[in-house]
Structures are given as C-alpha cells and as structure tokens.
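*Asks:* Got run07.txt for you, compact mmCIF, C-alpha atoms:
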```
# COMPACT_ATOMS: atom_id res chain seq x y z
CA MET O 1 18.98 -27.03 -19.86
CA ALA O 2 21.64 -26.18 -17.28
CA HIS O 3 25.41 -25.98 -17.42
CA GLY O 4 26.39 -26.36 -13.79
CA SER O 5 24.23 -23.81 -11.96
CA GLN O 6 23.74 -21.68 -15.10
CA ARG O 7 20.57 -22.29 -17.11
CA VAL O 8 21.00 -21.90 -20.84
CA ALA O 9 18.81 -21.86 -23.93
CA ARG O 10 20.24 -23.75 -26.90
CA LEU O 11 19.68 -22.23 -30.33
CA SER O 12 20.17 -24.51 -33.34
CA ILE O 13 20.89 -22.88 -36.71
CA ASP O 14 21.79 -25.23 -39.56
CA ASP O 15 24.57 -27.38 -38.10
CA LYS O 16 25.54 -24.86 -35.42
CA GLU O 17 24.38 -24.85 -31.80
CA ILE O 18 24.70 -21.71 -29.67
CA ASP O 19 24.20 -21.72 -25.91
CA LEU O 20 22.60 -18.53 -24.55
CA PRO O 21 22.51 -17.82 -20.80
CA VAL O 22 19.07 -17.56 -19.17
CA MET O 23 18.88 -14.75 -16.62
CA ALA O 24 16.32 -14.49 -13.82
CA GLY O 25 15.11 -11.23 -12.31
CA SER O 26 13.61 -10.70 -8.87
CA GLU O 27 10.18 -10.47 -10.55
CA GLY O 28 8.83 -11.26 -14.00
CA PRO O 29 9.76 -13.73 -16.75
CA ASN O 30 13.26 -15.08 -17.34
CA VAL O 31 15.38 -13.33 -19.97
CA ILE O 32 17.60 -14.95 -22.60
CA ASP O 33 20.94 -13.14 -23.00
CA VAL O 34 21.51 -12.96 -26.76
CA GLY O 35 24.70 -10.90 -26.53
CA ALA O 36 26.82 -13.80 -27.79
CA LEU O 37 24.91 -14.03 -31.08
CA THR O 38 26.83 -11.21 -32.76
CA SER O 39 30.13 -13.03 -32.52
CA GLN O 40 28.44 -16.02 -34.17
CA GLY O 41 27.27 -13.92 -37.12
CA TYR O 42 23.66 -13.39 -36.01
CA PHE O 43 21.50 -10.90 -34.16
CA THR O 44 17.83 -10.85 -33.25
CA TYR O 45 14.98 -9.07 -35.05
CA ASP O 46 12.44 -7.43 -32.73
CA PRO O 47 10.63 -4.36 -34.16
CA GLY O 48 9.59 -2.04 -31.34
CA PHE O 49 11.82 -4.01 -28.90
CA VAL O 50 8.66 -5.54 -27.43
CA SER O 51 10.47 -8.81 -26.61
CA THR O 52 13.87 -7.34 -25.77
CA ALA O 53 15.22 -6.19 -22.42
CA SER O 54 17.53 -3.27 -23.18
CA CYS O 55 18.84 -2.96 -19.62
CA ASP O 56 18.48 -4.22 -16.09
CA SER O 57 16.85 -1.91 -13.55
CA GLU O 58 15.77 -1.79 -9.92
CA ILE O 59 13.27 1.08 -10.24
CA THR O 60 9.89 -0.08 -11.57
CA TYR O 61 8.21 -3.42 -12.25
CA ILE O 62 5.02 -4.00 -14.29
CA ASP O 63 2.98 -7.17 -14.64
CA GLY O 64 0.42 -6.18 -17.24
CA ASP O 65 -1.56 -9.42 -17.06
CA ALA O 66 -2.04 -9.15 -13.30
CA GLY O 67 -2.48 -5.35 -13.27
CA VAL O 68 0.57 -4.79 -11.04
CA LEU O 69 2.77 -1.67 -10.93
CA LEU O 70 5.53 -1.49 -8.32
CA HIS O 71 7.93 1.39 -7.68
CA ARG O 72 10.98 0.10 -5.78
CA GLY O 73 8.71 -2.77 -4.69
CA TYR O 74 5.84 -0.63 -3.40
CA PRO O 75 2.41 -1.04 -5.10
CA ILE O 76 1.17 2.06 -6.88
CA ASP O 77 -2.20 2.03 -5.10
CA GLN O 78 -0.51 2.14 -1.67
CA LEU O 79 1.74 4.99 -2.79
CA ALA O 80 -1.20 6.94 -4.22
CA GLU O 81 -3.31 6.48 -1.09
CA GLN O 82 -0.66 6.94 1.59
CA SER O 83 2.16 8.96 0.03
CA ASP O 84 2.52 12.01 -2.20
CA TYR O 85 4.39 13.01 -5.33
CA LEU O 86 7.56 14.40 -3.72
CA GLU O 87 7.93 11.38 -1.46
CA LEU O 88 7.65 9.16 -4.54
CA CYS O 89 10.33 11.33 -6.23
CA TYR O 90 12.62 10.63 -3.28
CA LEU O 91 11.85 6.91 -3.48
CA LEU O 92 12.55 6.69 -7.22
CA LEU O 93 15.83 8.57 -6.88
CA ASN O 94 17.15 6.95 -3.68
CA GLY O 95 15.64 3.49 -3.61
CA GLU O 96 14.05 3.76 -0.16
CA LEU O 97 11.30 5.80 1.46
CA PRO O 98 12.61 8.76 3.49
CA ASN O 99 12.35 9.09 7.23
CA ALA O 100 10.74 12.25 8.60
CA ALA O 101 13.97 14.28 8.61
CA GLU O 102 14.98 13.15 5.10
CA ARG O 103 11.52 13.90 3.77
CA GLU O 104 11.51 17.41 5.27
CA GLN O 105 14.97 18.16 3.91
CA PHE O 106 14.11 16.88 0.43
CA ASN O 107 10.85 18.86 0.25
CA THR O 108 12.59 22.02 1.47
CA THR O 109 15.41 21.64 -1.05
CA VAL O 110 12.96 21.17 -3.91
CA LYS O 111 10.99 24.26 -2.86
CA ARG O 112 14.18 26.36 -2.76
CA HIS O 113 15.03 25.39 -6.34
CA THR O 114 11.68 26.20 -7.99
CA MET O 115 12.84 29.60 -9.24
CA VAL O 116 14.36 29.69 -12.72
CA HIS O 117 16.97 32.06 -14.09
CA GLU O 118 15.39 35.36 -15.09
CA LYS O 119 17.03 35.20 -18.52
CA LEU O 120 14.74 32.26 -19.32
CA ARG O 121 11.96 34.84 -19.69
CA THR O 122 13.85 36.24 -22.67
CA PHE O 123 14.38 32.75 -24.05
CA ILE O 124 10.66 31.93 -23.89
CA GLU O 125 9.69 35.28 -25.37
CA GLY O 126 11.61 34.28 -28.51
CA PHE O 127 8.91 31.72 -29.33
CA ARG O 128 5.80 32.59 -31.29
CA ARG O 129 2.75 33.08 -29.08
CA GLU O 130 0.93 30.22 -30.78
CA ALA O 131 3.84 27.78 -30.28
CA HIS O 132 2.77 24.47 -28.77
CA PRO O 133 3.76 24.32 -25.06
CA MET O 134 5.61 21.03 -25.70
CA ALA O 135 7.77 22.78 -28.30
CA ILE O 136 8.66 25.37 -25.69
CA MET O 137 9.39 22.67 -23.09
CA CYS O 138 11.73 20.81 -25.45
CA GLY O 139 13.68 24.00 -26.00
CA ILE O 140 13.89 25.43 -22.50
CA VAL O 141 14.67 22.15 -20.71
CA GLY O 142 17.53 21.48 -23.11
CA ALA O 143 18.68 25.08 -22.60
CA LEU O 144 19.02 24.58 -18.83
CA SER O 145 22.43 23.07 -19.51
CA ALA O 146 23.57 26.54 -20.58
CA PHE O 147 22.58 27.91 -17.15
CA TYR O 148 24.09 25.10 -15.04
CA HIS O 149 27.17 24.30 -17.10
CA ASN O 150 29.36 24.17 -13.97
CA SER O 151 27.64 21.03 -12.67
CA LEU O 152 27.40 18.84 -15.76
CA ASP O 153 30.03 16.23 -14.92
CA ILE O 154 27.95 13.09 -15.34
CA ASN O 155 30.54 11.04 -13.46
CA ASN O 156 30.23 13.27 -10.40
CA GLU O 157 27.56 11.85 -8.08
CA GLU O 158 26.94 15.23 -6.41
CA HIS O 159 26.42 16.88 -9.80
CA ARG O 160 23.89 14.21 -10.69
CA ARG O 161 22.06 14.71 -7.39
CA ARG O 162 21.86 18.49 -7.89
CA THR O 163 20.61 18.04 -11.44
CA ALA O 164 17.85 15.68 -10.30
CA LEU O 165 16.66 18.17 -7.68
CA ARG O 166 16.78 21.08 -10.11
CA LEU O 167 14.77 19.27 -12.77
CA ILE O 168 12.07 18.11 -10.36
CA ALA O 169 11.85 21.58 -8.80
CA LYS O 170 11.85 23.64 -11.99
CA MET O 171 9.64 21.59 -14.30
CA PRO O 172 6.34 22.93 -12.84
CA THR O 173 7.67 26.48 -13.09
CA LEU O 174 8.68 26.01 -16.73
CA ALA O 175 5.38 24.28 -17.51
CA ALA O 176 3.37 27.13 -16.01
CA MET O 177 5.50 29.68 -17.87
CA SER O 178 4.78 27.95 -21.19
CA TYR O 179 1.06 28.17 -20.39
CA LYS O 180 1.14 31.82 -19.34
CA TYR O 181 3.16 32.81 -22.39
CA ALA O 182 0.63 31.26 -24.77
CA ARG O 183 -2.17 33.18 -23.02
CA GLY O 184 -0.29 36.47 -22.99
CA GLU O 185 -0.46 36.65 -19.18
CA PRO O 186 2.37 37.68 -16.85
CA PHE O 187 4.48 34.90 -15.41
CA VAL O 188 3.69 34.05 -11.79
CA TYR O 189 6.64 33.28 -9.54
CA PRO O 190 6.70 30.17 -7.33
CA ARG O 191 5.88 30.40 -3.63
CA ASN O 192 7.71 28.43 -0.96
CA ASP O 193 4.71 28.39 1.38
CA LEU O 194 2.72 26.14 -0.98
CA SER O 195 2.99 22.41 -1.60
CA TYR O 196 4.35 21.14 -4.92
CA ALA O 197 0.91 20.68 -6.52
CA GLU O 198 -0.51 23.85 -4.95
CA ASN O 199 2.44 25.83 -6.26
CA PHE O 200 1.95 24.51 -9.79
CA LEU O 201 -1.76 25.35 -9.80
CA HIS O 202 -1.04 28.80 -8.35
CA MET O 203 1.55 29.55 -11.06
CA MET O 204 -0.94 28.38 -13.68
CA PHE O 205 -4.03 30.29 -12.60
CA ALA O 206 -3.04 33.22 -10.37
CA THR O 207 -2.59 36.71 -11.84
CA PRO O 208 -0.97 39.87 -10.39
CA CYS O 209 -4.41 41.46 -10.02
CA GLU O 210 -6.19 38.51 -8.44
CA ASP O 211 -4.86 35.71 -6.26
CA TYR O 212 -5.87 32.11 -6.82
CA GLU O 213 -7.11 30.11 -3.85
CA VAL O 214 -6.09 26.51 -4.39
CA SER O 215 -8.77 23.99 -3.48
CA PRO O 216 -7.35 21.12 -1.37
CA VAL O 217 -9.38 18.64 -3.44
CA ILE O 218 -7.96 20.00 -6.71
CA ALA O 219 -4.43 20.14 -5.30
CA ARG O 220 -4.68 16.52 -4.16
CA ALA O 221 -5.95 15.51 -7.59
CA MET O 222 -3.05 17.25 -9.32
CA ASP O 223 -0.58 15.61 -6.93
CA ARG O 224 -2.05 12.21 -7.78
CA ILE O 225 -1.91 12.87 -11.52
CA LEU O 226 1.78 13.66 -11.18
CA LEU O 227 2.37 10.67 -8.89
CA LEU O 228 0.59 8.18 -11.14
CA HIS O 229 2.65 9.30 -14.14
CA ALA O 230 6.02 9.43 -12.34
CA ASP O 231 7.46 6.29 -13.93
CA HIS O 232 6.33 3.38 -16.08
CA GLU O 233 9.39 1.23 -16.67
CA GLN O 234 11.07 1.13 -20.13
CA ASN O 235 8.47 3.04 -22.15
CA ALA O 236 9.32 4.99 -25.31
CA SER O 237 10.34 8.25 -23.63
CA THR O 238 12.32 6.57 -20.81
CA SER O 239 14.12 4.40 -23.35
CA THR O 240 14.87 7.57 -25.32
CA VAL O 241 16.38 9.19 -22.22
CA ARG O 242 18.54 6.11 -21.65
CA MET O 243 19.60 5.96 -25.30
CA ALA O 244 20.58 9.63 -25.31
CA GLY O 245 22.31 9.19 -21.95
CA SER O 246 24.36 6.28 -23.27
CA THR O 247 26.23 8.75 -25.49
CA GLY O 248 27.39 10.73 -22.44
CA ALA O 249 25.09 13.64 -23.26
CA ASN O 250 24.29 16.02 -20.41
CA PRO O 251 21.16 15.22 -18.39
CA TYR O 252 19.18 18.27 -19.54
CA ALA O 253 19.65 17.23 -23.16
CA CYS O 254 18.58 13.69 -22.28
CA ILE O 255 15.40 14.87 -20.52
CA ALA O 256 14.64 17.17 -23.47
CA ALA O 257 14.91 14.09 -25.70
CA GLY O 258 12.44 12.31 -23.42
CA ILE O 259 10.03 15.24 -23.68
CA ALA O 260 10.28 15.09 -27.48
CA ALA O 261 9.46 11.36 -27.43
CA LEU O 262 6.55 11.92 -25.05
CA TRP O 263 5.13 14.55 -27.40
CA GLY O 264 4.21 11.81 -29.90
CA PRO O 265 0.46 11.13 -29.85
CA ALA O 266 1.04 7.36 -29.57
CA HIS O 267 2.80 7.89 -26.23
CA GLY O 268 1.92 11.02 -24.29
CA GLY O 269 -1.16 12.16 -26.15
CA ALA O 270 -3.65 9.57 -24.90
CA ASN O 271 -5.48 11.83 -22.44
CA GLU O 272 -5.64 14.54 -25.09
CA ALA O 273 -7.13 11.94 -27.47
CA VAL O 274 -9.87 11.26 -24.92
CA LEU O 275 -11.04 14.88 -25.08
CA ASN O 276 -10.80 14.91 -28.87
CA MET O 277 -12.97 11.78 -28.94
CA LEU O 278 -15.57 13.43 -26.72
CA ASP O 279 -15.56 16.42 -29.03
CA GLU O 280 -16.17 14.06 -31.96
CA ILE O 281 -19.12 12.42 -30.16
CA GLY O 282 -20.43 15.91 -29.55
CA ASP O 283 -23.56 15.18 -27.53
CA GLU O 284 -24.87 12.65 -25.01
CA ARG O 285 -27.56 11.69 -27.51
CA ASN O 286 -24.85 10.37 -29.85
CA ILE O 287 -23.14 8.07 -27.35
CA ASP O 288 -25.08 4.91 -28.21
CA LYS O 289 -24.29 5.41 -31.89
CA PHE O 290 -20.56 5.78 -31.21
CA VAL O 291 -20.51 2.82 -28.81
CA ALA O 292 -22.03 0.74 -31.62
CA LYS O 293 -19.30 2.02 -33.97
CA ALA O 294 -16.64 0.99 -31.42
CA LYS O 295 -18.08 -2.54 -31.34
CA ASP O 296 -18.05 -2.81 -35.14
CA ARG O 297 -14.80 -4.45 -36.30
CA ASP O 298 -15.13 -2.87 -39.72
CA ASP O 299 -15.49 0.66 -38.35
CA PRO O 300 -12.21 2.56 -37.76
CA PHE O 301 -13.65 4.48 -34.80
CA ARG O 302 -12.11 3.59 -31.44
CA LEU O 303 -13.05 4.70 -27.95
CA MET O 304 -9.95 6.42 -26.58
CA GLY O 305 -9.01 5.99 -22.93
CA PHE O 306 -10.21 2.39 -22.69
CA GLY O 307 -7.86 -0.57 -22.40
CA HIS O 308 -4.05 -0.35 -22.30
CA ARG O 309 -1.20 -1.79 -24.36
CA VAL O 310 0.59 -3.08 -21.25
CA TYR O 311 -2.27 -3.83 -18.84
CA LYS O 312 -4.51 -6.70 -19.94
CA SER O 313 -6.60 -6.33 -16.80
CA TYR O 314 -7.61 -3.14 -14.99
CA ASP O 315 -4.90 -0.45 -15.03
CA PRO O 316 -3.96 -0.19 -11.32
CA ARG O 317 -3.47 3.55 -11.68
CA ALA O 318 -6.99 3.94 -13.03
CA LYS O 319 -8.54 2.57 -9.84
CA VAL O 320 -7.02 5.44 -7.86
CA MET O 321 -7.69 8.02 -10.56
CA GLN O 322 -11.34 6.98 -10.82
CA GLN O 323 -11.90 7.90 -7.16
CA THR O 324 -9.99 11.15 -7.60
CA CYS O 325 -11.99 12.02 -10.72
CA HIS O 326 -15.29 11.65 -8.89
CA GLU O 327 -13.99 13.76 -6.00
CA VAL O 328 -13.05 16.55 -8.41
CA LEU O 329 -16.34 16.42 -10.28
CA ASN O 330 -18.25 16.56 -6.99
CA GLU O 331 -16.12 19.51 -5.88
CA LEU O 332 -16.68 21.47 -9.09
CA GLY O 333 -20.11 20.25 -10.21
CA VAL O 334 -20.63 19.09 -13.79
CA GLU O 335 -24.31 19.80 -14.37
CA ASP O 336 -23.52 22.51 -16.90
CA ASN O 337 -20.61 20.75 -18.64
CA PRO O 338 -21.78 18.46 -21.46
CA THR O 339 -18.29 17.07 -22.13
CA LEU O 340 -17.91 15.83 -18.57
CA ARG O 341 -21.44 14.43 -18.57
CA MET O 342 -20.57 12.44 -21.71
CA ALA O 343 -17.44 11.11 -20.01
CA GLN O 344 -19.43 9.92 -17.01
CA ARG O 345 -21.93 8.15 -19.25
CA LEU O 346 -19.15 6.42 -21.22
CA GLU O 347 -17.48 5.32 -18.00
CA LYS O 348 -20.72 3.69 -16.82
CA ILE O 349 -21.15 1.86 -20.14
CA ALA O 350 -17.55 0.58 -20.16
CA LEU O 351 -17.82 -0.77 -16.62
CA GLU O 352 -21.18 -2.50 -17.20
CA ASP O 353 -21.47 -3.46 -20.88
CA SER O 354 -20.49 -7.11 -21.45
CA PHE O 355 -18.62 -6.24 -24.68
CA PHE O 356 -16.17 -3.98 -22.85
CA VAL O 357 -15.94 -6.17 -19.74
CA GLU O 358 -15.17 -9.35 -21.73
CA LYS O 359 -12.52 -7.58 -23.81
CA ARG O 360 -11.12 -5.90 -20.67
CA LEU O 361 -11.58 -2.46 -22.20
CA TYR O 362 -11.74 -0.74 -18.84
CA PRO O 363 -11.28 3.02 -18.48
CA ASN O 364 -7.55 3.66 -18.06
CA VAL O 365 -5.57 6.35 -16.27
CA ASP O 366 -5.61 8.59 -19.36
CA PHE O 367 -9.41 8.56 -19.48
CA TYR O 368 -9.71 9.84 -15.91
CA SER O 369 -6.75 12.24 -15.98
CA GLY O 370 -8.08 13.86 -19.15
CA ILE O 371 -11.48 14.42 -17.51
CA ILE O 372 -9.87 15.84 -14.36
CA LEU O 373 -7.63 18.24 -16.28
CA LYS O 374 -10.60 19.38 -18.39
CA ALA O 375 -12.66 19.96 -15.25
CA ILE O 376 -9.88 21.97 -13.58
CA GLY O 377 -9.73 24.25 -16.61
CA ILE O 378 -6.41 23.17 -18.10
CA PRO O 379 -6.42 23.37 -21.93
CA VAL O 380 -5.85 20.22 -23.95
CA GLU O 381 -2.48 21.38 -25.32
CA MET O 382 -1.13 21.44 -21.75
CA PHE O 383 -2.05 17.82 -20.97
CA THR O 384 1.21 16.33 -22.27
CA VAL O 385 3.22 19.08 -20.56
CA ILE O 386 1.75 17.98 -17.24
CA PHE O 387 2.53 14.36 -18.15
CA ALA O 388 6.16 15.40 -18.78
CA THR O 389 6.29 17.23 -15.45
CA GLY O 390 5.07 14.13 -13.62
CA ARG O 391 7.40 11.77 -15.53
CA THR O 392 10.56 13.80 -14.80
CA PRO O 393 11.65 11.88 -11.65
CA GLY O 394 11.28 8.59 -13.53
CA TRP O 395 13.39 9.83 -16.42
CA ILE O 396 16.11 11.22 -14.18
CA ALA O 397 16.10 8.12 -11.94
CA HIS O 398 16.64 5.84 -14.95
CA TRP O 399 19.32 8.14 -16.37
CA ASN O 400 21.10 8.25 -13.00
CA GLU O 401 20.84 4.47 -12.56
CA MET O 402 22.42 3.94 -15.97
CA ILE O 403 25.20 6.52 -15.55
CA GLY O 404 25.98 5.28 -12.04
CA GLY O 405 26.54 1.71 -13.25
CA ALA O 406 28.13 -0.11 -16.15
CA TYR O 407 26.55 0.85 -19.46
CA ARG O 408 27.29 0.72 -23.16
CA LEU O 409 26.57 3.09 -26.02
CA GLY O 410 23.13 2.19 -27.37
CA ARG O 411 23.42 0.86 -30.91
CA PRO O 412 20.45 -1.19 -32.20
CA ARG O 413 21.03 -3.31 -35.31
CA GLN O 414 18.87 -3.62 -38.40
CA LEU O 415 17.68 -6.19 -40.93
CA TYR O 416 18.93 -4.62 -44.16
CA GLN O 417 16.50 -5.01 -47.10
CA GLY O 418 18.04 -2.56 -49.56
CA HIS O 419 20.16 -3.00 -52.71
CA GLN O 420 23.23 -5.19 -52.65
CA GLN O 421 26.51 -3.53 -53.60
CA ARG O 422 26.43 -2.02 -57.09
CA ASP O 423 28.66 0.23 -59.15
CA PHE O 424 28.09 3.96 -59.49
CA VAL O 425 26.76 5.01 -62.91
CA PRO O 426 28.12 8.31 -64.31
CA LEU O 427 25.47 10.95 -64.99
CA ALA O 428 25.90 10.81 -68.78
CA GLN O 429 25.13 7.06 -68.81
CA ARG O 430 21.92 7.18 -66.74
```
Could you express the structure from this file as structure tokens?
*Replies:*
Amino acid sequence: MAHGSQRVARLSIDDKEIDLPVMAGSEGPNVIDVGALTSQGYFTYDPGFVSTASCDSEITYIDGDAGVLLHRGYPIDQLAEQSDYLELCYLLLNGELPNAAEREQFNTTVKRHTMVHEKLRTFIEGFRREAHPMAIMCGIVGALSAFYHNSLDINNEEHRRRTALRLIAKMPTLAAMSYKYARGEPFVYPRNDLSYAENFLHMMFATPCEDYEVSPVIARAMDRILLLHADHEQNASTSTVRMAGSTGANPYACIAAGIAALWGPAHGGANEAVLNMLDEIGDERNIDKFVAKAKDRDDPFRLMGFGHRVYKSYDPRAKVMQQTCHEVLNELGVEDNPTLRMAQRLEKIALEDSFFVEKRLYPNVDFYSGIILKAIGIPVEMFTVIFATGRTPGWIAHWNEMIGGAYRLGRPRQLYQGHQQRDFVPLAQR
C-alpha cells in the first residue's frame, strides 16, 4: 500500500498494525525498513542476516540469479577484459574511472608507497617460522596503526585517502614478506619499475642470488585474480570491517578484522579447499568414483569449487578466470602435473554432465583461481593471503563510504532462549 508517495508494508501482530516504509534501490529488490519495530516492542529474527540490509551502499551490486556483478555500475567482465587491478582500485575508492592523468598519478602514488617501515622486519621475525601467513597478516596489518599514528583521524578526509593508498600499496609487500619468512628466505624489496602484479610476483619468487623474470601471462593472471576478488558487496569480511568501523576504530584495525574474518574456511578458504579436494581424489583414475559420490545425496563428499552461495547461474567472474586459467596452463604446460590434469578433467565433466548442468554446479572463480595459483607455484597456505590482498580496496572503500556518511554503532539484537530471572543460590545450599 502507499501513504501519499511513500509505499509501506503493513505488519499485523495481534490487534496492532505497524506501517513499515518500503525503500527502493537503483537496482535489486525493494527493502522494508524495520527500524520502527523496536519502539513497538519487536525486532526481526534473521540468522546470518541473509534477508537483512545492514547499510546502503553505492559500491557493488550483485544479482545472483542473473549472474551479474557490477562495480560502480560497470560489469565485472568488462573490467576484467579492458581494465586492470589498480584502475579498479581507483574506481572503487572514487566512484568513477580515472582519466589518463588521474590514472598515472594514482599508479605512481601507489608504487611510491610499496615500501614498509624497516622495523616491521623485527615485528615479523617475532613470529614462529611455522606460523600461518594469515596469522602474520592479521598481526602486521593491525600493527600499521603504530607506524602511521599521525594520520588516524577518521573524520579527516585526507587521512582516509592516505590510509587507502598505503593499504593498497603495502599489502602485496606484507604478503610477500609473510611468504618469505615462512620459507626462511631473505625479504625482497619492491621495485618501482614493475607493475603491481609483477612487483608482487617478483617479491614472492626473486632471491638476492637470482633474479626472477616475470612472465607477462602470469602477471596478467595474477592481476586478474586480484581484480576479480576486489569486492563482493556485503560479504562476511566486508560486514566485519563495517561493524568494526562503526565503533570508530582506526582503519588498520578494521582491515585486520576483515582479514581475520576472511581466514575462516567458509569464506576465504574455498580455493584452498579445491586443492585439498584434488589431493583427496589423488589420481585421475579415481575421478569417476568421486563424481559418483558427489551425486549421491547420502554421501557427505562434495566437489569443492562448483556452484556458489550467491550465484545461482554461472559466476560471472569464473567466465573470465576460466580463460585466464587456460592461458596459464598453456604457458606453463601441465603434462607432468597430475593435480592440474585432474582439475582439467573435473572441469570438463562439470560443464558437460547433465547432473551438474541441471543443478547449475558450474566451476566457480575459486576453482580456477586455485588451479592458477597452484600452477604458478604458490603454496596453498598463501591462497587466502592473496585473496586478502585483492579484497583490500573493497574493504577500505566500504569503510570509507561508511565513515564519510551517516552511520550508527553496529549492535545486532538476539532472540534470548536462556533462563528467566532466578535467585542466586549460596554455595553451601547447592
């Protein structure tokens, strides 16, 4: 119904009627504003917040049924084909694509901020060698606030801009340092003559005694992996960044919270799970057996990297990553790699077998990115670190959008199911 020009939804509870405003976005379904319920003695129950909009945003839009992903209105496939990661970073942060001069200035500024404070070496060396790289990333990203404490005024727009640039610039350096430390190899400093992806690969694989020539095909693949993971609307880690940010916490602490959320295997560990699944299958000769297990409802085995919680049709990012994956495998050759041969066979089955096609269990972005990272030589424990590196501009863009507008302290409610009030029993009477 409508009250004047305002559409409302009417909720009837016993003999009470409550009118709730219906809000319309520029894309997607209408949203019922339930904010007035609390004053009426009610609030909604929505475990996982799967039916609740926690904020309004202008950054990213997803239509999972149609397989649509837009960043600031631009389709992800167009960005992946025609743009690059740093240009997407600029778009997420500023709302518009840069012109040539703005692009050059942004790229140059990012390159000039890739170095990290030398004392961070000491910080990292305090971790055990076998520490998981994500544990290191949680610690050192949060610790950046101790190195840039003079620009932590969240209400200062220039401070927020500097922080965004620093995080985007330094994340690959920190990620590569976490990798080198675990391997016992010397840290490799960033180089301003390399592109963003080239620089990351160089810091990962170069050594003081032997330089690393970055393949253009591999560099482009890494750039696309970062680009395709740059933002994905209000996912668990982005919502965590916003929740932490709503307290007024400094941005480095908020991004560290996002990294911690991403570390969970249900969120950031999907591409790692793909490789673990391939290890479980073990051999090409076992694929048919495991495919049969995946089709059996009573069997707990699941093929990882197929289907997506949000996308009910083909993941639009996977279309681009599929092409990139084949380019990388052609560049490197996979004849002698049984794991990658198994992945190719599974991909063929998923795209052709009627069971997978009818259930829309297409290979997703995690399936292809896991294969690419494996082929490049990046260990499984670094997969989520690379995901975090790629997701940084999305996190910081959402944090900045929230801080730059009107926001409230996040405070979800609960449906209490515990004891009613009761009197304390002295120890002697228990």
*Asks:* Report, in Å to a single decimal, how far apart CA of Met382 (chain O) and CA of Tyr179 (chain O) are.
*Replies:*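 It comes out at 7.2 Å.
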*Asks:* Just want the 12 Å neighbourhood of Leu262 (chain O), counted on only C-alpha atoms, with same-chain residues fewer than 6 positions away dropped. Output as a ChimeraX atom specification.
*Replies:* /O:134-135,137-138,229,235-241,255-256,268-270,383-392,395
*Asks:* In terms of the shortest atom-to-atom distance over only C-alpha atoms, which of O:Ala143, O:Met204, O:Val274, O:Val116 is closest to Lys170 (chain O)?
*Replies:*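 Checking each candidate against Lys170 (chain O), we get O:Val116 as the closest.
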*Asks:* For CA of Val188 (chain O) and CA of Gly394 (chain O), quote the distance in Å rounded to one decimal.
*Replies:*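 CA of Gly394 (chain O) lies at a distance of 26.6 Å from CA of Val188 (chain O).
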*Asks:* Please list, as a PyMOL selection string, the residues that have an atom at most 10 Å away from (-10.7, 15.4, -15.4) in the coordinates of this file, counting all atoms listed in the file.
*Replies:* chain O and resi 221-222+225+271+275+321-322+324-326+328-329+340+343+366-378
*Asks:* Can you pull out the residues contacting Phe200 (chain O)? Cut-off 8 Å, using all atoms listed in the file, and skip same-chain residues under 5 positions away; I want them as JSON, numbers by chain.
*Replies:* {"O": [172, 173, 176, 190]}
*Asks:* Dump C-alpha atoms for the selected residues as a compact mmCIF listing (two decimals), keeping the file's coordinate frame?
*Replies:*
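Contents of the output file result.txt:
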```txt
# COMPACT_ATOMS: atom_id res chain seq x y z
CA PRO O 172 6.34 22.93 -12.84
CA THR O 173 7.67 26.48 -13.09
CA ALA O 176 3.37 27.13 -16.01
CA PRO O 190 6.70 30.17 -7.33
```
*Asks:* Have a look at CA of Ala53 (chain O) and CA of Leu228 (chain O) and let me know their distance in Å, one decimal.
*Replies:* 23.4 Å
*Asks:* Counting all atoms listed in the file, which of O:Lys289, O:Tyr252, O:Asp84, O:Asn99 gets nearest to Ser151 (chain O)?
*Replies:*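 So, comparing all the options, the nearest one is O:Tyr252.
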*Asks:* O:Phe127, O:Phe205, O:Phe43, O:Phe306: which is nearest Pro363 (chain O), counting all atoms listed in the file?
*Replies:*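 Among the listed residues, O:Phe306 lies closest to Pro363 (chain O).
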*Asks:* Please determine, counting all atoms listed in the file, which residue among O:Leu346, O:Thr163, O:Phe123, O:His71 has the shortest atom-to-atom distance to Val291 (chain O).
*Replies:*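 Between O:Leu346, O:Thr163, O:Phe123, O:His71, the residue approaching Val291 (chain O) most closely is O:Leu346.
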*Asks:* Compare O:Leu144, O:Leu415, O:Leu227, O:Ala428 by their minimum atom-to-atom distance to Glu81 (chain O), counting only C-alpha atoms, and give me the closest one.
*Replies:* O:Leu227
*Asks:* Do you know which residues are at most 8 Å from region 86-98 of chain O counting all atoms listed in the file, after dropping those on the same chain fewer than 5 positions away, and could you put them as a PDB file with C-alpha atoms, in the frame of the given file?
*Replies:*
```
ATOM      1  CA  ILE O  59      13.270   1.080 -10.240  1.00  0.00           C
ATOM      2  CA  HIS O  71       7.930   1.390  -7.680  1.00  0.00           C
ATOM      3  CA  ARG O  72      10.980   0.100  -5.780  1.00  0.00           C
ATOM      4  CA  LEU O  79       1.740   4.990  -2.790  1.00  0.00           C
ATOM      5  CA  ARG O 103      11.520  13.900   3.770  1.00  0.00           C
ATOM      6  CA  PHE O 106      14.110  16.880   0.430  1.00  0.00           C
ATOM      7  CA  ASN O 107      10.850  18.860   0.250  1.00  0.00           C
ATOM      8  CA  TYR O 196       4.350  21.140  -4.920  1.00  0.00           C
ATOM      9  CA  LEU O 227       2.370  10.670  -8.890  1.00  0.00           C
ATOM     10  CA  ALA O 230       6.020   9.430 -12.340  1.00  0.00           C
ATOM     11  CA  PRO O 393      11.650  11.880 -11.650  1.00  0.00           C
ATOM     12  CA  GLY O 394      11.280   8.590 -13.530  1.00  0.00           C
ATOM     13  CA  ILE O 396      16.110  11.220 -14.180  1.00  0.00           C
ATOM     14  CA  ALA O 397      16.100   8.120 -11.940  1.00  0.00           C
TER      15      ALA O 397
END
```
*Asks:* Please determine, counting all atoms listed in the file, which residue among O:Leu167, O:Glu210, O:Pro316, O:Ala350 has the shortest atom-to-atom distance to Leu70 (chain O).
*Replies:*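 When distances to Leu70 (chain O) are compared using all atoms listed in the file, the smallest one comes from O:Pro316.
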